[in-house]
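entry17.csv (CSV, C-alpha atoms and all ligand atoms)
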chain,number,residue,atom,x,y,z
A,544,MET,CA,56.7,28.5,66.4
A,545,ALA,CA,56.1,28.3,62.7
A,546,ASP,CA,53.5,25.7,61.5
A,547,THR,CA,55.0,22.5,60.3
A,548,PRO,CA,54.1,21.9,56.7
A,549,SER,CA,51.7,19.0,56.2
A,550,HIS,CA,53.6,17.9,53.0
A,551,VAL,CA,57.1,16.5,52.5
A,552,PRO,CA,59.1,18.0,49.6
A,553,LEU,CA,59.8,15.6,46.7
A,554,VAL,CA,63.6,16.0,46.3
A,555,ASP,CA,65.7,14.4,43.5
A,556,PRO,CA,69.3,13.2,43.9
A,557,PHE,CA,70.6,16.6,42.7
A,558,SER,CA,68.7,18.4,45.5
A,559,ARG,CA,66.1,19.8,43.1
A,560,VAL,CA,62.7,20.2,44.7
A,561,ILE,CA,59.9,19.0,42.5
A,562,GLU,CA,57.1,21.6,42.5
A,563,ASP,CA,55.6,21.5,39.0
A,564,LEU,CA,53.5,18.7,37.5
A,565,ARG,CA,52.6,18.6,33.8
A,566,ILE,CA,49.6,16.3,33.1
A,567,SER,CA,48.8,15.2,29.6
A,568,ILE,CA,45.1,14.6,29.5
A,569,THR,CA,44.9,13.2,25.9
A,570,ASP,CA,47.2,12.1,23.2
A,571,ARG,CA,44.7,13.3,20.5
A,572,CYS,CA,44.7,16.5,18.7
A,573,ASN,CA,42.7,18.5,16.1
A,574,PHE,CA,46.0,19.9,14.5
A,575,ARG,CA,48.9,18.0,12.9
A,576,CYS,CA,51.9,20.3,13.5
A,577,THR,CA,54.8,19.1,11.4
A,578,TYR,CA,57.2,19.5,14.2
A,579,CYS,CA,55.1,17.3,16.4
A,580,MET,CA,52.9,14.8,14.5
A,581,PRO,CA,52.6,13.1,11.1
A,582,GLU,CA,49.6,14.0,8.9
A,583,GLU,CA,48.2,10.5,9.3
A,584,GLY,CA,49.2,7.3,11.1
A,585,MET,CA,49.4,8.3,14.7
A,586,ASN,CA,48.3,5.4,16.8
A,587,TRP,CA,45.9,6.9,19.3
A,588,LEU,CA,45.6,5.3,22.7
A,589,PRO,CA,42.4,3.3,23.2
A,590,ARG,CA,40.1,5.4,25.3
A,591,GLU,CA,40.0,2.9,28.2
A,592,GLN,CA,43.8,3.3,28.6
A,593,VAL,CA,43.5,7.1,29.1
A,594,MET,CA,43.1,8.4,32.6
A,595,SER,CA,39.6,9.3,33.6
A,596,PHE,CA,39.0,12.7,35.3
A,597,GLU,CA,38.7,10.9,38.7
A,598,GLU,CA,42.0,9.1,38.1
A,599,ILE,CA,43.7,12.4,37.1
A,600,GLU,CA,42.4,14.0,40.3
A,601,HIS,CA,43.4,11.1,42.5
A,602,LEU,CA,47.0,11.2,41.3
A,603,ALA,CA,47.2,15.0,41.2
A,604,ARG,CA,46.0,15.1,44.8
A,605,ILE,CA,49.0,12.9,45.9
A,606,PHE,CA,51.4,15.3,44.2
A,607,VAL,CA,49.8,18.4,45.7
A,608,GLU,CA,48.8,17.3,49.2
A,609,ARG,CA,51.6,14.9,50.0
A,610,TYR,CA,54.5,16.5,48.1
A,611,GLY,CA,53.6,20.2,48.1
A,612,VAL,CA,53.5,20.5,44.3
A,613,ARG,CA,52.6,24.2,43.6
A,614,SER,CA,51.6,24.2,39.9
A,615,ILE,CA,49.9,21.9,37.5
A,616,ARG,CA,49.8,22.4,33.8
A,617,LEU,CA,47.3,20.6,31.6
A,618,THR,CA,48.6,19.6,28.2
A,619,GLY,CA,48.4,16.9,25.6
A,620,GLY,CA,47.9,16.3,22.7
A,621,GLU,CA,45.4,19.0,22.6
A,622,PRO,CA,43.7,19.3,26.1
A,623,THR,CA,40.6,21.1,24.7
A,624,VAL,CA,39.6,18.1,22.7
A,625,ARG,CA,38.7,16.3,25.9
A,626,ALA,CA,34.9,16.6,26.5
A,627,HIS,CA,33.7,18.4,29.6
A,628,LEU,CA,37.2,19.9,30.3
A,629,PRO,CA,35.8,22.5,32.8
A,630,VAL,CA,34.7,19.6,35.0
A,631,LEU,CA,38.3,18.4,35.3
A,632,VAL,CA,39.5,22.0,35.8
A,633,ARG,CA,37.1,22.4,38.7
A,634,LYS,CA,38.2,19.2,40.4
A,635,LEU,CA,41.9,20.3,40.2
A,636,SER,CA,41.5,23.9,41.0
A,637,VAL,CA,40.3,23.2,44.5
A,638,LEU,CA,43.5,21.2,45.4
A,639,ARG,CA,45.7,23.1,47.8
A,640,ASN,CA,48.6,22.7,50.3
A,641,ASP,CA,50.5,24.9,52.7
A,642,HIS,CA,51.7,27.0,49.7
A,643,GLY,CA,48.0,27.8,48.9
A,644,PRO,CA,45.7,26.8,46.1
A,645,VAL,CA,47.4,25.0,43.2
A,646,ASP,CA,48.4,27.3,40.4
A,647,LEU,CA,46.5,25.7,37.5
A,648,ALA,CA,47.6,26.4,33.9
A,649,MET,CA,47.1,24.9,30.4
A,650,THR,CA,48.9,24.8,27.1
A,651,THR,CA,46.6,24.7,24.1
A,652,ASN,CA,46.6,25.4,20.4
A,653,GLY,CA,43.9,27.9,21.1
A,654,ALA,CA,41.6,26.9,18.2
A,655,THR,CA,38.5,26.4,20.4
A,656,MET,CA,39.3,28.9,23.1
A,657,ARG,CA,36.8,31.3,21.7
A,658,LEU,CA,34.1,28.8,22.9
A,659,LEU,CA,35.8,27.6,26.1
A,660,ALA,CA,37.8,30.5,27.6
A,661,GLU,CA,35.1,31.8,29.9
A,662,ARG,CA,34.0,28.5,31.2
A,663,LEU,CA,37.6,27.4,31.9
A,664,ARG,CA,38.3,30.6,33.7
A,665,GLU,CA,35.2,30.3,35.8
A,666,ALA,CA,36.1,26.7,36.6
A,667,GLY,CA,39.4,27.9,38.1
A,668,LEU,CA,42.0,27.8,35.4
A,669,ARG,CA,44.4,30.7,36.0
A,670,ARG,CA,47.0,30.9,33.3
A,671,ILE,CA,47.2,29.9,29.7
A,672,ASN,CA,49.8,29.4,26.9
A,673,ILE,CA,48.5,29.4,23.4
A,674,SER,CA,50.7,28.1,20.5
A,675,LEU,CA,51.1,30.4,17.5
A,676,ASP,CA,54.1,29.9,15.2
A,677,THR,CA,53.2,32.1,12.3
A,678,LEU,CA,50.9,35.1,11.5
A,679,GLN,CA,50.7,34.1,7.8
A,680,ARG,CA,47.6,32.0,6.8
A,681,ASP,CA,49.4,29.9,4.2
A,682,LYS,CA,52.3,29.1,6.5
A,683,PHE,CA,49.9,28.4,9.3
A,684,PHE,CA,48.3,25.8,7.1
A,685,GLN,CA,51.8,24.4,6.1
A,686,MET,CA,52.9,24.1,9.8
A,687,THR,CA,49.7,22.8,11.4
A,688,ARG,CA,48.0,21.2,8.4
A,689,ARG,CA,44.9,23.1,9.4
A,690,ASP,CA,43.4,26.4,8.1
A,691,GLU,CA,42.7,27.7,11.6
A,692,LEU,CA,44.8,30.9,12.0
A,693,GLU,CA,41.7,33.1,12.5
A,694,SER,CA,40.3,30.7,15.2
A,695,VAL,CA,43.6,30.8,17.1
A,696,LEU,CA,43.8,34.6,16.9
A,697,ASP,CA,40.2,34.8,18.2
A,698,GLY,CA,41.1,32.3,20.9
A,699,ILE,CA,43.9,34.6,22.1
A,700,GLU,CA,41.5,37.6,22.3
A,701,ALA,CA,38.9,35.5,24.1
A,702,SER,CA,41.4,34.3,26.6
A,703,LYS,CA,42.5,37.8,27.4
A,704,ALA,CA,38.9,38.9,27.7
A,705,ALA,CA,38.1,36.0,30.0
A,706,GLY,CA,40.8,37.3,32.4
A,707,PHE,CA,43.6,34.7,32.1
A,708,ASP,CA,46.7,36.3,33.6
A,709,PRO,CA,49.0,36.0,31.9
A,710,VAL,CA,48.1,34.8,28.4
A,711,LYS,CA,51.4,33.7,26.8
A,712,ILE,CA,52.2,32.7,23.2
A,713,ASN,CA,54.4,29.7,22.5
A,714,ALA,CA,56.2,29.9,19.1
A,715,VAL,CA,58.4,27.0,18.0
A,716,VAL,CA,61.1,28.4,15.6
A,717,GLU,CA,62.3,26.1,12.8
A,718,ARG,CA,65.0,27.2,10.5
A,719,GLY,CA,63.8,27.8,6.9
A,720,VAL,CA,60.2,27.6,8.0
A,721,ASN,CA,59.3,30.5,10.3
A,722,ASP,CA,62.6,32.1,11.4
A,723,ASP,CA,61.8,35.0,9.1
A,724,GLU,CA,58.8,35.9,11.4
A,725,ILE,CA,60.7,36.3,14.7
A,726,VAL,CA,60.3,40.1,14.6
A,727,ASP,CA,56.7,39.9,13.3
A,728,LEU,CA,55.7,37.6,16.2
A,729,ALA,CA,57.5,39.9,18.7
A,730,THR,CA,55.6,42.8,17.3
A,731,PHE,CA,52.4,40.8,17.6
A,732,GLY,CA,53.2,40.2,21.3
A,733,ARG,CA,54.0,43.9,21.9
A,734,ASP,CA,50.8,45.1,20.2
A,735,ARG,CA,48.5,42.6,21.9
A,736,GLY,CA,50.1,42.9,25.3
A,737,VAL,CA,51.0,39.2,25.5
A,738,GLU,CA,54.4,37.6,26.2
A,739,VAL,CA,55.7,35.6,23.2
A,740,ARG,CA,58.0,32.8,24.2
A,741,PHE,CA,60.1,31.5,21.4
A,742,ILE,CA,60.9,27.8,21.7
A,743,GLU,CA,63.9,26.0,20.2
A,744,PHE,CA,62.9,23.1,18.0
A,745,MET,CA,63.5,19.9,20.0
A,746,PRO,CA,64.1,16.3,18.8
A,747,LEU,CA,60.6,15.2,19.8
A,748,ASP,CA,58.8,15.2,16.4
A,749,ALA,CA,57.0,12.0,15.6
A,750,GLU,CA,58.5,11.8,12.1
A,751,GLY,CA,62.1,12.2,13.2
A,752,HIS,CA,62.8,15.1,10.9
A,753,TRP,CA,64.6,17.0,13.6
A,754,MET,CA,68.2,18.0,12.8
A,755,ASN,CA,70.5,20.3,14.7
A,756,ASP,CA,70.7,22.7,11.8
A,757,LYS,CA,66.9,23.3,12.0
A,758,VAL,CA,67.3,24.7,15.4
A,759,VAL,CA,67.4,28.5,15.7
A,760,GLY,CA,69.2,29.1,18.9
A,761,GLN,CA,68.5,31.6,21.7
A,762,ASP,CA,71.4,33.9,20.8
A,763,GLU,CA,70.2,34.3,17.2
A,764,ILE,CA,66.6,34.9,18.3
A,765,VAL,CA,67.7,37.5,20.8
A,766,GLU,CA,69.9,39.3,18.3
A,767,THR,CA,67.2,39.3,15.7
A,768,ILE,CA,64.7,40.9,18.1
A,769,ASN,CA,67.3,43.3,19.7
A,770,ALA,CA,68.2,44.7,16.3
A,771,VAL,CA,64.7,46.1,15.9
A,772,TYR,CA,63.4,46.4,19.5
A,773,PRO,CA,66.3,46.7,22.0
A,774,ILE,CA,65.9,44.3,24.9
A,775,GLU,CA,67.7,43.5,28.1
A,776,GLN,CA,67.7,40.2,30.0
A,777,MET,CA,65.6,40.1,33.2
A,778,PRO,CA,67.0,38.6,36.5
A,779,ALA,CA,67.4,34.8,36.7
A,780,ARG,CA,64.4,32.7,35.9
A,781,GLY,CA,64.6,30.2,38.9
A,782,ALA,CA,62.9,27.0,37.8
A,783,ALA,CA,60.9,28.5,34.9
A,784,PRO,CA,62.0,27.2,31.5
A,785,ALA,CA,62.1,30.6,29.7
A,786,ASP,CA,64.8,33.2,29.8
A,787,ARG,CA,62.9,36.5,29.9
A,788,PHE,CA,63.8,39.8,28.3
A,789,ARG,CA,62.4,43.3,28.7
A,790,TYR,CA,61.8,45.8,25.9
A,791,LEU,CA,63.8,48.9,26.8
A,792,ASP,CA,61.0,51.1,25.4
A,793,GLY,CA,58.5,49.7,27.9
A,794,GLY,CA,56.8,47.5,25.3
A,795,GLY,CA,56.5,44.5,27.6
A,796,THR,CA,58.5,41.3,27.8
A,797,VAL,CA,59.5,38.4,25.5
A,798,GLY,CA,60.9,35.0,26.4
A,799,VAL,CA,63.1,32.2,24.9
A,800,ILE,CA,63.0,28.6,25.9
A,801,PRO,CA,66.5,27.4,25.0
A,802,THR,CA,66.2,23.7,25.6
A,803,VAL,CA,68.8,22.8,23.0
A,804,THR,CA,71.5,25.5,23.1
A,805,LYS,CA,71.3,26.5,26.7
A,806,PRO,CA,69.8,23.6,28.7
A,807,PHE,CA,68.2,24.7,32.0
A,808,CYS,CA,68.2,21.2,33.6
A,809,GLY,CA,70.1,22.4,36.6
A,810,ASP,CA,67.0,24.3,37.9
A,811,CYS,CA,64.4,21.8,36.6
A,812,ASP,CA,61.5,21.3,39.1
A,813,ARG,CA,59.2,19.5,36.7
A,814,VAL,CA,57.8,16.0,36.4
A,815,ARG,CA,55.1,14.7,34.0
A,816,LEU,CA,52.2,12.3,33.8
A,817,THR,CA,51.3,11.0,30.3
A,818,ALA,CA,47.7,10.5,29.2
A,819,GLU,CA,47.9,6.8,30.1
A,820,GLY,CA,49.2,7.6,33.5
A,821,ASP,CA,52.9,6.9,33.1
A,822,PHE,CA,55.1,9.0,35.3
A,823,ARG,CA,58.2,10.7,33.6
A,824,THR,CA,60.9,12.6,35.4
A,825,CYS,CA,62.1,14.4,32.2
A,826,LEU,CA,60.7,15.3,28.8
A,827,PHE,CA,63.6,13.3,27.3
A,828,ALA,CA,63.4,10.4,29.8
A,829,THR,CA,63.6,6.9,28.3
A,830,LYS,CA,62.0,5.2,31.3
A,831,GLU,CA,58.4,5.6,32.6
A,832,PHE,CA,56.7,4.4,35.8
A,833,ASP,CA,53.2,3.2,35.5
A,834,LEU,CA,51.1,5.0,38.2
A,835,LEU,CA,47.7,4.4,36.5
A,836,GLY,CA,48.3,0.7,36.5
A,837,ALA,CA,49.2,0.9,40.2
A,838,LEU,CA,46.0,2.9,40.9
A,839,ARG,CA,43.8,0.6,38.9
A,840,GLY,CA,45.5,-2.4,40.5
A,841,GLY,CA,44.2,-1.2,43.9
A,842,GLU,CA,47.4,0.1,45.4
A,843,THR,CA,47.1,2.5,48.4
A,844,ASP,CA,48.3,6.1,48.2
A,845,ASP,CA,51.3,5.1,50.3
A,846,GLU,CA,52.3,2.4,47.7
A,847,ILE,CA,51.8,4.8,44.8
A,848,ALA,CA,53.8,7.5,46.7
A,849,ALA,CA,56.6,4.9,47.1
A,850,ARG,CA,56.6,4.5,43.3
A,851,ILE,CA,56.8,8.3,42.8
A,852,GLU,CA,59.7,8.6,45.2
A,853,ALA,CA,61.6,5.7,43.5
A,854,ALA,CA,61.0,7.3,40.1
A,855,VAL,CA,62.2,10.8,41.3
A,856,ALA,CA,65.4,9.1,42.6
A,857,THR,CA,66.2,8.3,39.0
A,858,LYS,CA,65.8,11.9,37.7
A,859,TRP,CA,68.8,12.7,35.5
A,860,ALA,CA,71.1,15.7,36.1
A,861,GLY,CA,70.2,16.8,32.6
A,862,HIS,CA,69.2,15.7,29.1
A,863,GLN,CA,71.8,14.6,26.6
A,864,ILE,CA,70.6,16.3,23.3
A,865,ASN,CA,74.0,17.7,22.5
A,866,GLN,CA,75.9,14.5,23.4
A,867,VAL,CA,76.8,11.7,21.1
A,868,ASN,CA,75.0,9.2,23.3
A,869,PHE,CA,71.7,11.0,23.2
A,870,ILE,CA,68.8,8.6,22.7
A,871,ARG,CA,65.5,10.0,21.5
A,872,PRO,CA,62.6,9.0,23.7
A,873,GLY,CA,60.4,6.3,22.2
A,874,LYS,CA,57.4,8.8,22.4
A,875,SER,CA,57.0,12.0,20.6
A,876,MET,CA,56.0,15.4,22.1
A,877,SER,CA,52.2,14.9,21.8
A,878,GLN,CA,52.5,11.4,23.4
A,879,ILE,CA,54.5,12.7,26.3
A,880,GLY,CA,52.8,16.0,26.9
A,881,GLY,CA,54.9,19.0,26.1
B,901,LIG,N1,48.4,21.0,21.7
B,901,LIG,C1,48.9,22.0,22.6
B,901,LIG,C2,49.7,23.0,22.0
B,901,LIG,O1,50.2,22.8,20.8
B,901,LIG,O2,49.9,24.1,22.6
B,901,LIG,C3,49.6,21.4,23.8
B,901,LIG,C4,50.5,20.3,23.6
B,901,LIG,S1,52.0,20.7,22.6
B,901,LIG,C5,52.8,19.1,22.5
B,901,LIG,C6,52.9,21.7,23.8
B,901,LIG,C7,53.9,22.6,23.2
B,901,LIG,O3,55.0,21.8,22.7
B,901,LIG,C8,53.4,23.5,22.2
B,901,LIG,O4,53.8,24.8,22.5
B,901,LIG,C9,54.2,23.0,20.9
B,901,LIG,O5,54.4,24.1,20.0
B,901,LIG,C10,55.4,22.5,21.5
B,901,LIG,N2,56.1,21.5,20.7
B,901,LIG,C11,55.6,20.4,20.0
B,901,LIG,N3,56.5,19.8,19.3
B,901,LIG,C12,57.7,20.4,19.6
B,901,LIG,C13,59.1,20.2,19.2
B,901,LIG,N4,59.4,19.2,18.4
B,901,LIG,N5,60.0,21.1,19.6
B,901,LIG,C14,59.7,22.1,20.4
B,901,LIG,N6,58.4,22.4,20.9
B,901,LIG,C15,57.4,21.5,20.4
B,902,LIG,FE1,48.6,19.1,18.4
B,902,LIG,FE2,50.0,20.7,20.0
B,902,LIG,FE3,51.3,18.7,18.7
B,902,LIG,FE4,50.4,20.8,17.3
B,902,LIG,S1,52.0,20.8,18.9
B,902,LIG,S2,50.1,18.7,16.7
B,902,LIG,S3,48.5,21.4,18.4
B,902,LIG,S4,49.7,18.5,20.2
Have the structure of the file written as structure tokens, please.
Amino acid sequence: MADTPSHVPLVDPFSRVIEDLRISITDRCNFRCTYCMPEEGMNWLPREQVMSFEEIEHLARIFVERYGVRSIRLTGGEPTVRAHLPVLVRKLSVLRNDHGPVDLAMTTNGATMRLLAERLREAGLRRINISLDTLQRDKFFQMTRRDELESVLDGIEASKAAGFDPVKINAVVERGVNDDEIVDLATFGRDRGVEVRFIEFMPLDAEGHWMNDKVVGQDEIVETINAVYPIEQMPARGAAPADRFRYLDGGGTVGVIPTVTKPFCGDCDRVRLTAEGDFRTCLFATKEFDLLGALRGGETDDEIAARIEAAVATKWAGHQINQVNFIRPGKSMSQIGG
């Protein structure tokens, strides 16, 4: 007889099984990307409101051990600005359930990965996504308000050398800003042996500059690449957010995350914890559930689990970006954890 799993699946009202948890570990950042933050004036969370490593571990353990969550992605803000990050990675990387050890990943701007890559890898981080929207130094400065292109390129090489598998590149495409670099970025990915994932610009920038006509949609991205490097779509992505394509000449793979033009909500298996321990069932959710308050208030794991289940019962069928009744969340990307 097969062993009975020790966890119970966390299932939403649309029968989607929740298996991926994104944890924002800080709302702070050393960059100021225009599509994410203003140059000045972000109101940072007071440090005492941000989850400690022990609190992150405690809540993550409930998701992994009780609910069978398979993967955790650390994000922010910029996760690498958190001091002693390898200590947190070590705490999380030992979590496991019947599926095996948790698959621990991180999304970073890469600027300090040259210094951190090896220690993070040793601590048990497995996969990494590094954001890189342009290969031109001036434009990099324009988009991130920091002159750090070289550090990010170094960080990508250091991450490959440290053995992260895979290293992926996230590139947000904004019309009139970097849409002329789609082929250059694809070439970069082919040359360096990393998968570039082009992300459609989403209405989550803190300054509210997003407009539909600034979005470069998946079809246009694919046609632009295909005109230079013929590609074919790979089999269905399951719950992963990217549609993946293979270069017909064997040059690797490339992805597109088409949140706006081809929402993939029907297969979504993700939930999120913000840096202040609020639980969200969608990037675009307008309601949060305070798990850190419950933990600090002395609730038992059963009581916290009841809050998680009540929250998951409210998970939407899908976001409303393309509908007239779309309401932007009160928080921006860096405050939610992208
Ligand atoms: N600081 C890290 C980084 O930039 O990779 C992690 C946090 S960042 C919020 C996570 C991802 O969200 C990055 O790949 C970033 O490019 C993307 N992002 C930020 N604002 C966005 C927006 N308005 N639309 C689409 N993607 C966005
Ligand atoms: Fe910072 Fe990432 Fe937002 Fe850029 S996208 S400002 S690196 S959190």
* To do: Tell me which protein, DNA and RNA residues are within 7 Å of Leu834 of chain A, counting only C-alpha atoms, leaving out same-chain ones fewer than 4 positions away, and put them as a list in words.
  =>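 Counting only C-alpha atoms, the residues come to Gly820, Asp821, Phe822, Leu838 and Ile847 of chain A.
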* To do: Using all atoms listed in the file, determine which residues fall within 7 Å of ligand LIG 901 (chain B), then list them as a list in words.
  =>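 Residues satisfying the distance criterion: Cys572, Tyr578, Cys579, Thr618, Gly619, Gly620, Glu621, Pro622, Thr650, Thr651, Asn652, Asn672, Ile673, Ser674, Asn713, Ala714, Val715, Ile742, Glu743, Phe744, Met745, Pro746, Leu747, Asp748, Met876, Ser877, Gly880 and Gly881 of chain A.
Closest approach to Thr655 of chain A among A:Phe683, A:Phe574, A:Phe557, A:Phe807 is made by A:Phe574 (distances from all atoms listed in the file).
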* Asked: Can you tell me, as an NGL selection string, what residues are no more than 9 Å from segment 686-695 of chain A when counting only C-alpha atoms, ignoring any on the same chain fewer than 2 positions away?
  -> :A and (573-578 or 582 or 652-657 or 673-684 or 697-700 or 720)
* Neighbour list for segment 645-649 of chain A as a list of chain:residue names, cut-off 9 Å, only C-alpha atoms, skip fewer than 5 positions in-chain -> A:Val607, A:Val612, A:Arg613, A:Ser614, A:Ile615, A:Arg616, A:Leu617, A:Thr618, A:Pro622, A:Val632, A:Leu635, A:Ser636, A:Val637, A:Leu638, A:Arg639, A:Asn640, A:Gly667, A:Leu668, A:Arg669, A:Arg670, A:Ile671, A:Asn672, A:Ile673
* Asked: Which neighbours of Asp762 of chain A fall inside 10 Å, counting all atoms listed in the file, when residues of the same chain fewer than 2 positions from it are skipped, and could you give them as number ranges by chain?
  -> A: 759-760, 764-767, 799, 801, 804-805
* To do: Give the answer as one residue: which of A:Val867, A:Ile879, A:Ala626, A:Val551 has the shortest atom-to-atom distance to ligand LIG 902 (chain B), using only C-alpha atoms and all ligand atoms?
  =>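 Residue with the minimum atom-to-atom distance to ligand LIG 902 (chain B): A:Ile879.
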* A:Ala749, A:Ala729, A:Leu602, A:Ala854: which is nearest ligand LIG 902 (chain B), counting all atoms listed in the file? ->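 Once distances to ligand LIG 902 (chain B) are computed over all atoms listed in the file, the minimum belongs to A:Ala749.
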* Structure fact -> Using all atoms listed in the file, the shortest atom-to-atom distance to ligand LIG 902 (chain B) among A:Pro548, A:Pro806, A:Pro581, A:Gly794 belongs to A:Pro581
Since fewer atoms than expected are present, regenerate all heavy atoms for segment 688-695 of chain A and write them as a CSV table (one decimal), keeping the file's coordinate frame.
chain,number,residue,atom,x,y,z
A,688,ARG,N,48.9,22.0,9.3
A,688,ARG,CA,48.0,21.2,8.4
A,688,ARG,C,46.5,21.5,8.6
A,688,ARG,O,45.7,20.7,8.3
A,688,ARG,CB,48.3,19.7,8.4
A,688,ARG,CG,49.8,19.4,8.2
A,688,ARG,CD,50.0,17.9,8.1
A,688,ARG,NE,51.3,17.4,7.8
A,688,ARG,CZ,52.1,16.9,8.7
A,688,ARG,NH1,51.8,16.8,10.0
A,688,ARG,NH2,53.3,16.4,8.4
A,689,ARG,N,46.2,22.7,9.2
A,689,ARG,CA,44.9,23.1,9.4
A,689,ARG,C,44.8,24.6,9.1
A,689,ARG,O,45.7,25.4,9.4
A,689,ARG,CB,44.4,22.9,10.9
A,689,ARG,CG,44.4,21.5,11.3
A,689,ARG,CD,43.3,20.7,10.7
A,689,ARG,NE,43.3,19.3,11.2
A,689,ARG,CZ,43.9,18.2,10.7
A,689,ARG,NH1,44.7,18.4,9.6
A,689,ARG,NH2,43.8,17.0,11.2
A,690,ASP,N,43.6,25.0,8.5
A,690,ASP,CA,43.4,26.4,8.1
A,690,ASP,C,42.7,27.1,9.3
A,690,ASP,O,41.5,27.5,9.2
A,690,ASP,CB,42.6,26.4,6.8
A,690,ASP,CG,42.4,27.9,6.3
A,690,ASP,OD1,43.2,28.7,6.7
A,690,ASP,OD2,41.6,28.1,5.4
A,691,GLU,N,43.4,27.3,10.4
A,691,GLU,CA,42.7,27.7,11.6
A,691,GLU,C,43.4,29.0,12.2
A,691,GLU,O,43.2,29.3,13.4
A,691,GLU,CB,42.7,26.6,12.7
A,691,GLU,CG,42.0,25.4,12.3
A,691,GLU,CD,40.4,25.5,12.5
A,691,GLU,OE1,40.0,26.6,12.9
A,691,GLU,OE2,39.7,24.6,12.1
A,692,LEU,N,44.1,29.7,11.4
A,692,LEU,CA,44.8,30.9,12.0
A,692,LEU,C,43.8,31.8,12.7
A,692,LEU,O,44.0,32.3,13.8
A,692,LEU,CB,45.6,31.6,10.9
A,692,LEU,CG,46.3,32.9,11.4
A,692,LEU,CD1,47.2,32.7,12.5
A,692,LEU,CD2,47.0,33.6,10.2
A,693,GLU,N,42.7,32.1,12.0
A,693,GLU,CA,41.7,33.1,12.5
A,693,GLU,C,41.2,32.6,13.9
A,693,GLU,O,41.0,33.3,14.8
A,693,GLU,CB,40.6,33.3,11.5
A,693,GLU,CG,41.0,34.2,10.4
A,693,GLU,CD,41.6,35.6,10.8
A,693,GLU,OE1,41.1,36.2,11.7
A,693,GLU,OE2,42.6,36.0,10.2
A,694,SER,N,40.9,31.3,13.9
A,694,SER,CA,40.3,30.7,15.2
A,694,SER,C,41.3,30.9,16.3
A,694,SER,O,40.9,31.2,17.5
A,694,SER,CB,40.0,29.2,15.1
A,694,SER,OG,39.6,28.9,13.9
A,695,VAL,N,42.6,30.7,16.0
A,695,VAL,CA,43.6,30.8,17.1
A,695,VAL,C,43.7,32.3,17.5
A,695,VAL,O,43.7,32.6,18.7
A,695,VAL,CB,45.0,30.3,16.6
A,695,VAL,CG1,46.0,30.5,17.7
A,695,VAL,CG2,44.8,28.8,16.4
